[in-house]
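**Student:** The structure file model.cif (mmCIF, C-alpha atoms) is provided below.
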data_model
loop_
_atom_site.label_atom_id
_atom_site.label_comp_id
_atom_site.auth_asym_id
_atom_site.auth_seq_id
_atom_site.Cartn_x
_atom_site.Cartn_y
_atom_site.Cartn_z
CA MET W 186 -32.65 -7.81 8.74
CA LYS W 187 -30.85 -4.53 9.49
CA ASN W 188 -28.23 -6.39 11.49
CA PHE W 189 -27.68 -8.80 8.60
CA LYS W 190 -27.24 -5.93 6.14
CA TYR W 191 -24.80 -4.22 8.50
CA ILE W 192 -22.73 -7.39 8.84
CA PHE W 193 -22.76 -8.05 5.10
CA LYS W 194 -21.90 -4.46 4.08
CA ASP W 195 -19.62 -3.24 6.87
CA ILE W 196 -18.19 -6.29 8.64
CA PHE W 197 -17.82 -9.03 6.04
CA PRO W 198 -15.74 -7.16 3.37
CA PRO W 199 -12.87 -6.06 5.67
CA VAL W 200 -12.87 -9.46 7.40
CA LEU W 201 -12.63 -11.14 4.01
CA ALA W 202 -9.73 -8.87 3.06
CA ALA W 203 -8.06 -9.76 6.36
CA PHE W 204 -8.45 -13.46 5.63
CA ILE W 205 -6.77 -13.07 2.23
CA ALA W 206 -3.97 -10.99 3.76
CA THR W 207 -3.41 -13.53 6.53
CA PHE W 208 -3.48 -16.43 4.08
CA ILE W 209 -0.82 -14.80 1.91
CA SER W 210 1.44 -13.96 4.83
CA TYR W 211 1.53 -17.58 6.00
CA ALA W 212 3.08 -19.20 2.94
CA GLY W 213 6.45 -17.77 1.87
CA PRO W 214 7.43 -15.95 5.10
CA LEU W 215 6.73 -19.00 7.27
CA LEU W 216 8.82 -21.21 5.00
CA ILE W 217 11.75 -18.80 5.43
CA VAL W 218 11.45 -19.15 9.21
CA MET W 219 11.41 -22.93 8.84
CA GLN W 220 14.52 -22.86 6.67
CA ALA W 221 16.34 -20.69 9.22
CA ALA W 222 15.43 -23.07 12.05
CA GLN W 223 16.52 -26.13 10.06
CA VAL W 224 19.88 -24.59 9.15
CA ALA W 225 20.49 -23.71 12.81
CA HIS W 226 19.40 -27.24 13.92
CA TRP W 227 16.63 -25.99 16.19
CA SER W 228 14.36 -28.78 17.41
CA PRO W 229 10.81 -29.18 16.04
CA THR W 230 9.36 -28.00 19.37
CA GLN W 231 11.57 -24.89 19.29
CA LEU W 232 10.46 -24.19 15.71
CA THR W 233 6.80 -24.55 16.64
CA SER W 234 7.30 -22.25 19.63
CA TRP W 235 9.07 -19.73 17.37
CA ILE W 236 6.22 -19.65 14.84
CA GLY W 237 3.55 -19.66 17.55
CA GLY W 238 5.20 -16.72 19.28
CA LEU W 239 5.35 -14.76 16.04
CA LEU W 240 1.70 -15.38 15.21
CA VAL W 241 0.35 -14.59 18.68
CA GLY W 242 2.55 -11.50 18.98
CA ALA W 243 1.51 -10.19 15.57
CA GLY W 244 -2.12 -11.00 16.33
CA VAL W 245 -2.23 -9.15 19.64
CA CYS W 246 -0.48 -6.12 18.13
CA SER W 247 -2.84 -6.04 15.14
CA MET W 248 -5.95 -6.28 17.29
CA GLY W 249 -4.83 -3.76 19.89
CA MET W 250 -3.45 -1.12 17.53
CA SER W 251 -6.30 -1.34 15.02
CA TRP W 252 -8.87 -1.01 17.79
CA ARG W 253 -7.01 1.80 19.54
CA TYR W 254 -6.39 3.99 16.49
CA ARG W 255 -9.34 2.87 14.30
CA MET W 256 -7.00 2.15 11.37
CA PRO W 257 -6.25 -1.12 9.52
CA ILE W 258 -2.89 -1.59 11.28
CA LEU W 259 -1.58 -5.04 10.44
CA CYS W 260 1.49 -6.45 12.12
CA ALA W 261 3.61 -9.37 10.99
CA TRP W 262 7.03 -10.84 11.52
CA ASN W 263 10.32 -9.60 10.15
CA THR W 264 10.62 -11.54 6.87
CA PRO W 265 13.96 -9.99 5.76
CA GLY W 266 15.20 -10.70 9.26
CA ALA W 267 14.23 -14.37 8.94
CA ALA W 268 16.21 -14.57 5.70
CA LEU W 269 19.19 -13.02 7.50
CA LEU W 270 18.90 -15.57 10.31
CA ALA W 271 19.17 -18.44 7.83
CA THR W 272 22.94 -17.83 7.88
CA ALA W 273 23.47 -15.88 11.11
CA LEU W 274 22.01 -18.52 13.46
CA ILE W 275 24.62 -21.09 12.47
CA THR W 276 27.29 -19.55 14.71
CA VAL W 277 25.22 -18.80 17.84
CA SER W 278 23.22 -20.80 20.35
CA PRO W 279 19.43 -20.36 20.72
CA ALA W 280 20.02 -18.56 24.04
CA GLU W 281 22.42 -16.08 22.41
CA ALA W 282 19.95 -15.54 19.55
CA VAL W 283 17.16 -14.77 22.02
CA GLY W 284 19.39 -12.25 23.80
CA ALA W 285 20.04 -10.51 20.47
CA TYR W 286 16.30 -10.51 19.68
CA MET W 287 15.56 -8.77 22.98
CA VAL W 288 18.20 -6.11 22.43
CA CYS W 289 16.82 -5.50 18.92
CA GLY W 290 13.32 -5.07 20.37
CA LEU W 291 14.53 -2.63 23.02
CA ALA W 292 16.36 -0.60 20.37
CA MET W 293 13.09 -0.39 18.42
CA VAL W 294 11.33 0.88 21.55
CA LEU W 295 13.94 3.61 21.97
CA VAL W 296 13.58 4.70 18.34
CA GLY W 297 9.81 4.86 18.80
CA ILE W 298 9.62 6.79 22.05
CA SER W 299 12.40 9.22 21.05
CA GLY W 300 10.34 10.46 18.10
CA VAL W 301 13.28 10.15 15.68
CA PHE W 302 11.30 8.00 13.26
CA GLU W 303 8.29 10.33 13.40
CA ARG W 304 10.42 13.35 12.48
CA LEU W 305 12.00 11.42 9.64
CA MET W 306 8.62 10.50 8.14
CA HIS W 307 7.53 14.15 8.13
CA HIS W 308 10.35 15.00 5.70
CA ILE W 309 9.57 12.25 3.18
CA PRO W 310 7.22 13.30 0.33
CA LYS W 311 4.09 11.17 0.04
CA SER W 312 4.81 10.51 -3.65
CA LEU W 313 8.06 8.75 -2.72
CA CYS W 314 6.26 6.64 -0.11
CA ALA W 315 3.71 5.64 -2.74
CA ALA W 316 6.48 4.82 -5.23
CA MET W 317 8.30 2.68 -2.66
CA LEU W 318 5.06 0.82 -1.91
CA ALA W 319 4.47 0.14 -5.62
CA GLY W 320 8.07 -1.04 -6.02
CA ILE W 321 7.79 -3.45 -3.10
CA LEU W 322 4.53 -4.93 -4.38
CA LEU W 323 5.49 -5.11 -8.06
CA ARG W 324 7.43 -8.34 -7.57
CA PHE W 325 4.33 -10.07 -6.27
CA GLY W 326 2.32 -8.99 -9.29
CA VAL W 327 5.04 -10.27 -11.60
CA ASP W 328 5.38 -13.54 -9.65
CA ALA W 329 1.64 -14.18 -10.03
CA PHE W 330 2.06 -14.65 -13.76
CA GLY W 331 5.65 -15.83 -13.62
CA ALA W 332 4.43 -18.93 -11.81
CA ALA W 333 2.81 -20.03 -15.09
CA ARG W 334 6.20 -20.83 -16.64
CA HIS W 335 6.41 -24.21 -14.87
CA GLU W 336 4.42 -26.09 -17.49
CA ALA W 337 5.58 -29.53 -16.34
CA THR W 338 3.67 -29.20 -13.06
CA GLY W 339 0.49 -27.81 -14.62
CA SER W 340 1.08 -24.38 -13.11
CA GLY W 341 0.39 -22.61 -16.40
CA TRP W 342 -3.20 -23.80 -16.63
CA LEU W 343 -3.71 -23.22 -12.92
CA VAL W 344 -2.62 -19.58 -13.14
CA ALA W 345 -4.58 -18.96 -16.36
CA LEU W 346 -7.87 -20.35 -15.02
CA MET W 347 -7.46 -18.55 -11.69
CA PHE W 348 -6.99 -15.30 -13.61
CA VAL W 349 -10.11 -16.00 -15.69
CA ALA W 350 -12.09 -16.57 -12.49
CA TYR W 351 -10.72 -13.32 -11.08
CA LEU W 352 -11.76 -11.31 -14.16
CA GLY W 353 -15.19 -12.90 -14.36
CA VAL W 354 -16.08 -12.03 -10.77
CA LYS W 355 -14.25 -8.69 -10.76
CA ARG W 356 -16.59 -7.29 -13.43
CA HIS W 357 -19.69 -7.83 -11.29
CA SER W 358 -18.45 -8.02 -7.68
CA PRO W 359 -14.88 -6.69 -7.20
CA ARG W 360 -14.74 -7.50 -3.48
CA TYR W 361 -14.98 -11.24 -4.08
CA ALA W 362 -12.73 -11.53 -7.13
CA VAL W 363 -9.68 -12.69 -5.17
CA VAL W 364 -11.74 -15.19 -3.18
CA ALA W 365 -13.14 -16.60 -6.42
CA SER W 366 -9.60 -16.97 -7.74
CA LEU W 367 -8.52 -18.73 -4.55
CA LEU W 368 -11.45 -21.15 -4.65
CA MET W 369 -10.80 -21.87 -8.32
CA GLY W 370 -7.15 -22.61 -7.56
CA VAL W 371 -7.94 -24.96 -4.68
CA ALA W 372 -10.56 -26.78 -6.78
CA LEU W 373 -8.20 -27.23 -9.73
CA TRP W 374 -5.41 -28.40 -7.46
CA GLN W 375 -7.59 -30.93 -5.63
CA ILE W 376 -9.81 -32.15 -8.46
CA GLY W 377 -7.59 -31.66 -11.49
CA GLY W 378 -4.26 -32.37 -9.84
CA MET W 379 -2.71 -29.18 -11.20
CA ALA W 380 0.50 -27.71 -9.78
CA SER W 381 1.44 -30.81 -7.82
CA PRO W 382 4.51 -30.56 -5.57
CA PRO W 383 7.86 -31.88 -6.87
CA ALA W 384 8.41 -35.59 -6.58
CA ASN W 385 11.27 -35.12 -4.13
CA ALA W 386 9.34 -32.76 -1.84
CA THR W 387 9.34 -33.82 1.82
CA ILE W 388 5.97 -33.13 3.42
CA PRO W 389 5.42 -34.25 7.03
CA PRO W 390 2.06 -35.75 8.07
CA LEU W 391 -0.43 -33.36 9.64
CA GLN W 392 -0.92 -33.72 13.39
CA TRP W 393 -3.55 -31.69 15.23
CA SER W 394 -2.13 -30.45 18.50
CA TRP W 395 -1.81 -27.29 20.56
CA THR W 396 1.32 -25.20 20.27
CA THR W 397 3.61 -25.84 23.23
CA PRO W 398 5.68 -22.76 24.16
CA VAL W 399 9.36 -23.45 24.81
CA TRP W 400 11.10 -20.98 27.13
CA ILE W 401 14.67 -20.07 26.15
CA THR W 402 16.58 -18.08 28.76
CA PRO W 403 18.39 -15.23 27.00
CA GLU W 404 22.17 -14.98 26.96
CA PHE W 405 23.71 -11.64 26.07
CA THR W 406 27.02 -11.72 24.22
CA LEU W 407 28.82 -9.10 22.15
CA SER W 408 29.22 -11.45 19.20
CA SER W 409 25.49 -12.16 18.98
CA MET W 410 24.70 -8.43 19.23
CA VAL W 411 27.00 -7.67 16.32
CA SER W 412 26.15 -10.66 14.13
CA ILE W 413 22.38 -10.79 14.81
CA GLY W 414 21.06 -7.89 16.91
CA LEU W 415 22.37 -4.97 14.85
CA PRO W 416 21.60 -6.39 11.35
CA LEU W 417 18.16 -7.52 12.54
CA PHE W 418 17.41 -4.02 13.83
CA ILE W 419 18.49 -2.38 10.55
CA VAL W 420 16.50 -4.69 8.26
CA SER W 421 13.45 -4.47 10.51
CA LEU W 422 13.49 -0.68 10.59
CA THR W 423 14.24 -0.14 6.89
CA GLY W 424 12.65 -3.23 5.38
CA GLN W 425 9.45 -3.50 7.44
CA GLN W 426 8.68 -0.54 9.69
CA LEU W 427 9.36 2.15 7.09
CA PRO W 428 7.30 0.47 4.33
CA GLY W 429 4.58 -0.31 6.89
CA ILE W 430 4.16 3.37 7.75
CA ALA W 431 4.36 4.23 4.03
CA VAL W 432 1.44 1.88 3.28
CA LEU W 433 -0.78 3.55 5.86
CA ARG W 434 0.12 7.07 4.73
CA ALA W 435 -0.29 6.18 1.06
CA ALA W 436 -3.85 5.08 1.93
CA GLY W 437 -4.52 8.44 3.59
CA TYR W 438 -4.19 7.43 7.25
CA ALA W 439 -2.38 9.75 9.67
CA ALA W 440 -0.52 6.91 11.32
CA PRO W 441 0.91 7.73 14.80
CA THR W 442 4.42 6.56 13.99
CA SER W 443 6.08 6.64 17.41
CA PRO W 444 3.50 4.54 19.33
CA LEU W 445 3.36 1.95 16.54
CA ILE W 446 7.13 1.52 16.38
CA ALA W 447 7.49 1.40 20.16
CA GLY W 448 4.54 -0.98 20.54
CA THR W 449 5.94 -3.55 18.13
CA GLY W 450 9.30 -3.19 19.86
CA TRP W 451 7.78 -4.09 23.25
CA ALA W 452 5.94 -7.03 21.68
CA SER W 453 9.22 -8.27 20.19
CA VAL W 454 10.87 -8.16 23.62
CA LEU W 455 8.04 -10.17 25.20
CA ILE W 456 7.96 -12.97 22.61
CA ALA W 457 11.74 -13.27 22.22
CA PRO W 458 12.14 -15.94 24.98
CA LEU W 459 9.84 -18.19 22.93
CA GLY W 460 12.44 -18.13 20.14
CA ALA W 461 10.55 -15.55 18.03
CA HIS W 462 12.76 -13.01 16.28
CA GLY W 463 10.29 -10.11 16.43
CA VAL W 464 7.13 -8.53 15.06
CA ASN W 465 6.75 -5.27 13.19
CA LEU W 466 4.33 -3.38 10.97
CA ALA W 467 3.22 -5.29 7.90
CA ALA W 468 3.60 -3.71 4.48
CA ILE W 469 2.67 -6.14 1.72
CA THR W 470 -0.32 -7.76 3.42
CA ALA W 471 -1.38 -4.45 4.96
CA ALA W 472 -1.90 -3.04 1.49
CA ILE W 473 -4.73 -5.54 1.00
CA CYS W 474 -6.65 -4.19 3.99
CA THR W 475 -6.04 -0.47 3.39
CA GLY W 476 -7.52 -0.21 -0.11
CA GLU W 477 -11.05 0.21 -1.43
CA GLU W 478 -11.44 -3.53 -1.96
CA ALA W 479 -11.49 -3.95 1.84
CA HIS W 480 -14.25 -1.33 2.23
CA PRO W 481 -15.33 1.77 0.27
CA LYS W 482 -15.23 3.82 3.48
CA PRO W 483 -11.73 4.26 4.99
CA GLU W 484 -13.17 4.62 8.49
CA LYS W 485 -14.54 1.05 8.31
CA ARG W 486 -11.33 -0.68 7.28
CA TRP W 487 -9.94 -0.93 10.81
CA ILE W 488 -12.20 -3.96 11.25
CA GLY W 489 -9.88 -5.81 8.88
CA GLY W 490 -6.92 -5.09 11.15
CA VAL W 491 -8.74 -6.54 14.15
CA ALA W 492 -9.89 -9.57 12.15
CA SER W 493 -6.37 -10.22 10.90
CA GLY W 494 -5.16 -10.15 14.50
CA VAL W 495 -7.78 -12.71 15.48
CA PHE W 496 -6.76 -14.99 12.59
CA TYR W 497 -3.09 -14.71 13.59
CA ALA W 498 -3.67 -15.31 17.29
CA VAL W 499 -5.95 -18.32 16.79
CA SER W 500 -3.64 -19.94 14.24
CA GLY W 501 -0.71 -19.33 16.57
CA CYS W 502 -2.31 -21.81 18.95
CA PHE W 503 -1.93 -24.46 16.21
CA ALA W 504 1.43 -23.44 14.74
CA GLY W 505 2.53 -26.98 13.95
CA VAL W 506 -0.64 -27.77 12.01
CA LEU W 507 -0.47 -24.47 10.15
CA THR W 508 3.09 -25.11 9.02
CA GLY W 509 2.15 -28.53 7.68
CA VAL W 510 -0.89 -27.23 5.80
CA PHE W 511 1.09 -24.60 3.93
CA LEU W 512 3.73 -27.12 2.94
CA TYR W 513 0.97 -28.88 0.99
CA LEU W 514 -0.18 -25.83 -1.00
CA PRO W 515 1.37 -25.36 -4.47
CA SER W 516 3.62 -22.30 -4.63
CA ALA W 517 1.94 -21.23 -7.89
CA LEU W 518 -1.45 -21.06 -6.16
CA VAL W 519 -0.16 -18.88 -3.32
CA ALA W 520 1.82 -16.63 -5.69
CA THR W 521 -1.20 -16.08 -7.95
CA VAL W 522 -3.54 -15.20 -5.07
CA ALA W 523 -0.96 -12.79 -3.66
CA GLY W 524 -0.37 -11.05 -7.00
CA LEU W 525 -4.05 -10.65 -7.83
CA ALA W 526 -4.89 -9.40 -4.33
CA LEU W 527 -2.24 -6.69 -4.63
CA LEU W 528 -3.11 -5.37 -8.10
CA GLY W 529 -5.24 -2.56 -6.65
CA ALA W 530 -2.51 -1.50 -4.22
CA ILE W 531 0.09 -1.45 -7.03
CA GLN W 532 -2.20 0.69 -9.19
CA SER W 533 -2.87 3.09 -6.32
CA GLY W 534 0.83 3.38 -5.51
CA LEU W 535 1.79 4.16 -9.11
CA THR W 536 -1.01 6.72 -9.44
CA ASN W 537 -0.05 8.56 -6.26
CA ALA W 538 3.63 8.42 -7.16
CA VAL W 539 3.28 10.54 -10.30
CA ASN W 540 0.44 12.91 -9.41
CA GLN W 541 2.91 15.67 -8.45
CA PRO W 542 4.87 16.64 -11.61
CA GLU W 543 7.76 18.22 -9.69
CA GLU W 544 8.24 14.98 -7.71
CA ALA W 545 7.51 12.50 -10.50
CA GLU W 546 11.10 11.77 -11.57
CA ALA W 547 12.29 11.26 -8.00
CA ALA W 548 9.31 8.96 -7.42
CA LEU W 549 10.23 7.03 -10.57
CA VAL W 550 13.77 6.54 -9.26
CA THR W 551 12.33 5.28 -5.98
CA PHE W 552 10.02 2.85 -7.78
CA ILE W 553 12.69 1.42 -10.09
CA VAL W 554 15.34 0.94 -7.41
CA THR W 555 12.86 -0.56 -4.95
CA SER W 556 11.48 -3.00 -7.52
CA SER W 557 15.03 -4.06 -8.52
CA ASN W 558 15.31 -6.09 -5.28
CA ILE W 559 18.97 -5.13 -4.81
CA SER W 560 20.79 -5.57 -1.51
CA LEU W 561 23.95 -3.61 -0.69
CA LEU W 562 25.80 -3.10 2.60
CA GLY W 563 23.16 -5.09 4.43
CA LEU W 564 20.33 -2.77 3.34
CA GLY W 565 17.43 -3.89 1.18
CA SER W 566 16.04 -2.35 -1.99
CA ALA W 567 13.27 -0.44 -0.15
CA CYS W 568 15.87 1.50 1.84
CA TRP W 569 18.04 2.17 -1.23
CA GLY W 570 15.03 3.14 -3.32
CA LEU W 571 13.86 5.68 -0.78
CA GLY W 572 17.39 7.00 -0.22
CA LEU W 573 18.14 7.51 -3.89
CA GLY W 574 14.66 8.92 -4.45
CA LEU W 575 15.23 11.50 -1.72
CA LEU W 576 18.58 12.36 -3.29
CA ALA W 577 16.93 12.90 -6.68
CA TYR W 578 14.14 14.90 -5.03
CA GLY W 579 16.61 17.19 -3.28
CA VAL W 580 18.66 17.79 -6.43
CA LEU W 581 15.87 18.11 -8.98
CA ARG W 582 13.11 19.97 -7.15
CA PRO W 583 12.71 23.66 -8.16
CA SER W 584 14.50 26.10 -5.87
CA THR W 585 11.51 28.47 -6.14
CA PRO W 586 7.86 27.60 -6.68
CA PRO W 587 6.64 28.06 -10.27
CA ASN W 588 4.86 31.30 -11.13
CA PRO W 589 1.27 30.50 -12.12
CA ALA W 590 1.17 33.59 -14.34
CA HIS W 591 3.65 32.07 -16.81
#
In structure tokens, how does this file's structure come out?

**Tutor:**
Amino acid sequence: MKNFKYIFKDIFPPVLAAFIATFISYAGPLLIVMQAAQVAHWSPTQLTSWIGGLLVGAGVCSMGMSWRYRMPILCAWNTPGAALLATALITVSPAEAVGAYMVCGLAMVLVGISGVFERLMHHIPKSLCAAMLAGILLRFGVDAFGAARHEATGSGWLVALMFVAYLGVKRHSPRYAVVASLLMGVALWQIGGMASPPANATIPPLQWSWTTPVWITPEFTLSSMVSIGLPLFIVSLTGQQLPGIAVLRAAGYAAPTSPLIAGTGWASVLIAPLGAHGVNLAAITAAICTGEEAHPKPEKRWIGGVASGVFYAVSGCFAGVLTGVFLYLPSALVATVAGLALLGAIQSGLTNAVNQPEEAEAALVTFIVTSSNISLLGLGSACWGLGLGLLAYGVLRPSTPPNPAH
């Protein structure tokens, strides 16, 4: 009986949070990888190897780092990088792309072991990290309800009833509110036929089979380094690694920055010959496992990081099946689950962003710019939001501390 209570109270909640986080990370990001592979005319076996490498690499990193540091450290693949590859892969061969991936991974290792990234994080106020986190996640909260605008597909009713299920369970059992919403969405989609895919959607038949790794011997060329390696490194560092560390620190974890950055860099080098473009720290999905919904006690949430790694690694063995399954799911269902799961993280980020009056305006600048989703000079909105927030912080902060006597 004691063992059952321990499992139910300490093991099940973070594992459940990890399942939701893993589920959300599969949908949109994997479709971006598929689009990039299709544009570059990679074969189906190369695509499956690519996705399998990403999932196994992210899974091993999540398990190892979470266990080692007793923190909910979730790893994932470079989603902004996959979007970049949708155009960059057209002009290079798979071998040249793999060579660029390996150089990008080695550059990440050097940044990690040199301690440059660690020193940078020490100079960034926590309020700005929290504001950047809230800005990154805001779009997912908005998309959860924005999916209801497609009335012709029944998405409006699907979103509304999923939200009702979420509220009904949230009042009595907050931990299971997102799961209730997910189950409601799947039931409505299957039984009621809501949010059906477009008539012209091409969905391949599901085939259960093991993932077959495809080895691609790297080829190192200057053109691939410039067109793929350097941009991939920049978007990974600014768009994934920096927000990933910010998520952990916003949740109160003293994340060891250098080992985490270097570790994901080594993992990226190892999986590159399988066609995988690299793994890094997760930000959006990590926020699900670092909050109170995962477990009231922060020291217990690391279990979610290990569980997420197990889910990733196992599903990586069936990458082809996984891809097919998520092509079947309505986008409105996935968007709604993601938005509802991240409401608590958005609230926490906004609260922590404005709890220091002297930093509040700079944090607001960070939040607004990050949530704008702009992209300039190859840098994403998270990088610009943090940069402009730091500029505002440096200009507006008092030159001398206020005198409490006045």

**Student:** Measuring atom to atom with all atoms listed in the file, identify which of W:Gly476, W:Pro199, W:Gly266, W:Gly249 is nearest to Ser412 in chain W.

**Tutor:** W:Gly266

**Student:** Nearest to Ser247 in chain W among W:Leu291, W:Leu201, W:Cys260, W:Leu514, with distances taken over only C-alpha atoms: which residue is it?

**Tutor:** W:Cys260

**Student:** Given the choices W:Val371, W:Leu415, W:Val349, W:Leu270, which gets closest to Ser516 in chain W if the distance is worked out from only C-alpha atoms?

**Tutor:** W:Val371

**Student:** Can you tell me, as an MDAnalysis selection string, what residues are no more than 12 Å from Val519 in chain W when counting all atoms listed in the file, ignoring any on the same chain fewer than 2 positions away?

**Tutor:** chainID W and resid 205:214 325:326 328:330 332 340 343:344 347 363 366:368 370:371 374 380 511:517 521:526

**Student:** Given the file shown, enumerate the residues that the PyMOL selection byres ((chain W and resi 504) around 6) captures and present them as a list of chain:residue names.

**Tutor:**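 Written out, the selection comes to W:Thr233, W:Gly237, W:Thr396, W:Gly501, W:Cys502, W:Phe503, W:Gly505, W:Val506, W:Leu507.
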
**Student:** Could you state which residues are captured by the PyMOL selection byres ((chain W and resi 473-475) around 10) in this file, as a PyMOL selection string?

**Tutor:** chain W and resi 198-207+256-259+432-438+468-472+476-480+483+485-490+493+523+526-530

**Student:** Quick one: pull the distance between CA of Val420 in chain W and CA of Leu466 in chain W, Å, one decimal.

**Tutor:** 12.5 Å

**Student:** Could you give me, as a tab-separated table, every range 419-490 of chain W residue with an atom at most 12 Å from range 544-560 of chain W, plus its closest atom pair and distance in Å to one decimal, counting only C-alpha atoms, rows ordered by chain then number?

**Tutor:**
residue	atom	partner	partner_atom	distance
W:Val420	CA	W:Ser560	CA	10.7
W:Thr423	CA	W:Thr555	CA	11.9
W:Gly424	CA	W:Thr555	CA	10.7
W:Pro428	CA	W:Thr555	CA	10.9

**Student:** Please enumerate the residues selected by the PyMOL selection byres ((chain W and resi 456) around 12) when evaluated against the supplied file, formatted as a VMD selection string.

**Tutor:** chain W and resid 234 to 243 245 to 246 262 283 to 284 286 to 287 290 398 to 403 449 to 455 457 to 464

**Student:** Would you write out those residues with C-alpha atoms, as a CSV table (one decimal), keeping the file's coordinate frame?

**Tutor:**
chain,number,residue,atom,x,y,z
W,234,SER,CA,7.3,-22.2,19.6
W,235,TRP,CA,9.1,-19.7,17.4
W,236,ILE,CA,6.2,-19.6,14.8
W,237,GLY,CA,3.6,-19.7,17.6
W,238,GLY,CA,5.2,-16.7,19.3
W,239,LEU,CA,5.4,-14.8,16.0
W,240,LEU,CA,1.7,-15.4,15.2
W,241,VAL,CA,0.4,-14.6,18.7
W,242,GLY,CA,2.6,-11.5,19.0
W,243,ALA,CA,1.5,-10.2,15.6
W,245,VAL,CA,-2.2,-9.2,19.6
W,246,CYS,CA,-0.5,-6.1,18.1
W,262,TRP,CA,7.0,-10.8,11.5
W,283,VAL,CA,17.2,-14.8,22.0
W,284,GLY,CA,19.4,-12.2,23.8
W,286,TYR,CA,16.3,-10.5,19.7
W,287,MET,CA,15.6,-8.8,23.0
W,290,GLY,CA,13.3,-5.1,20.4
W,398,PRO,CA,5.7,-22.8,24.2
W,399,VAL,CA,9.4,-23.4,24.8
W,400,TRP,CA,11.1,-21.0,27.1
W,401,ILE,CA,14.7,-20.1,26.2
W,402,THR,CA,16.6,-18.1,28.8
W,403,PRO,CA,18.4,-15.2,27.0
W,449,THR,CA,5.9,-3.6,18.1
W,450,GLY,CA,9.3,-3.2,19.9
W,451,TRP,CA,7.8,-4.1,23.2
W,452,ALA,CA,5.9,-7.0,21.7
W,453,SER,CA,9.2,-8.3,20.2
W,454,VAL,CA,10.9,-8.2,23.6
W,455,LEU,CA,8.0,-10.2,25.2
W,457,ALA,CA,11.7,-13.3,22.2
W,458,PRO,CA,12.1,-15.9,25.0
W,459,LEU,CA,9.8,-18.2,22.9
W,460,GLY,CA,12.4,-18.1,20.1
W,461,ALA,CA,10.6,-15.6,18.0
W,462,HIS,CA,12.8,-13.0,16.3
W,463,GLY,CA,10.3,-10.1,16.4
W,464,VAL,CA,7.1,-8.5,15.1

**Student:** Hey, which of W:Ala316, W:Leu417, W:Val495, W:Ala567 ends up closest to Ile531 in chain W? Count all atoms listed in the file.

**Tutor:** W:Ala316

**Student:** What is the CA of Asn540 in chain W-CA of Phe302 in chain W distance in Å, reported with one decimal?

**Tutor:**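 According to the coordinates, CA of Asn540 in chain W and CA of Phe302 in chain W are separated by 25.6 Å.
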
**Student:** Restricting the calculation to only C-alpha atoms: of W:Ala285, W:Asn465, W:Gly297, W:Leu373, which residue gets closest to Thr264 in chain W?

**Tutor:** W:Asn465

**Student:** Find the distance between CA of Thr230 in chain W and CA of Ser394 in chain W and write it in Å to one decimal.

**Tutor:**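 These atoms are spaced 11.8 Å apart.
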
**Student:** Select, from W:Glu543, W:Val277, W:Lys311, W:Tyr351, the residue with the minimum atom-to-atom distance to Met369 in chain W, counting all atoms listed in the file.

**Tutor:**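 Smallest separation from Met369 in chain W among the options: W:Tyr351.
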
**Student:** Can you tell me, as number ranges by chain, what residues are no more than 12 Å from Pro416 in chain W when counting only C-alpha atoms, ignoring any on the same chain fewer than 2 positions away?

**Tutor:** W: 263, 265-270, 273, 285-286, 288-289, 292, 409-414, 418-424, 562-565
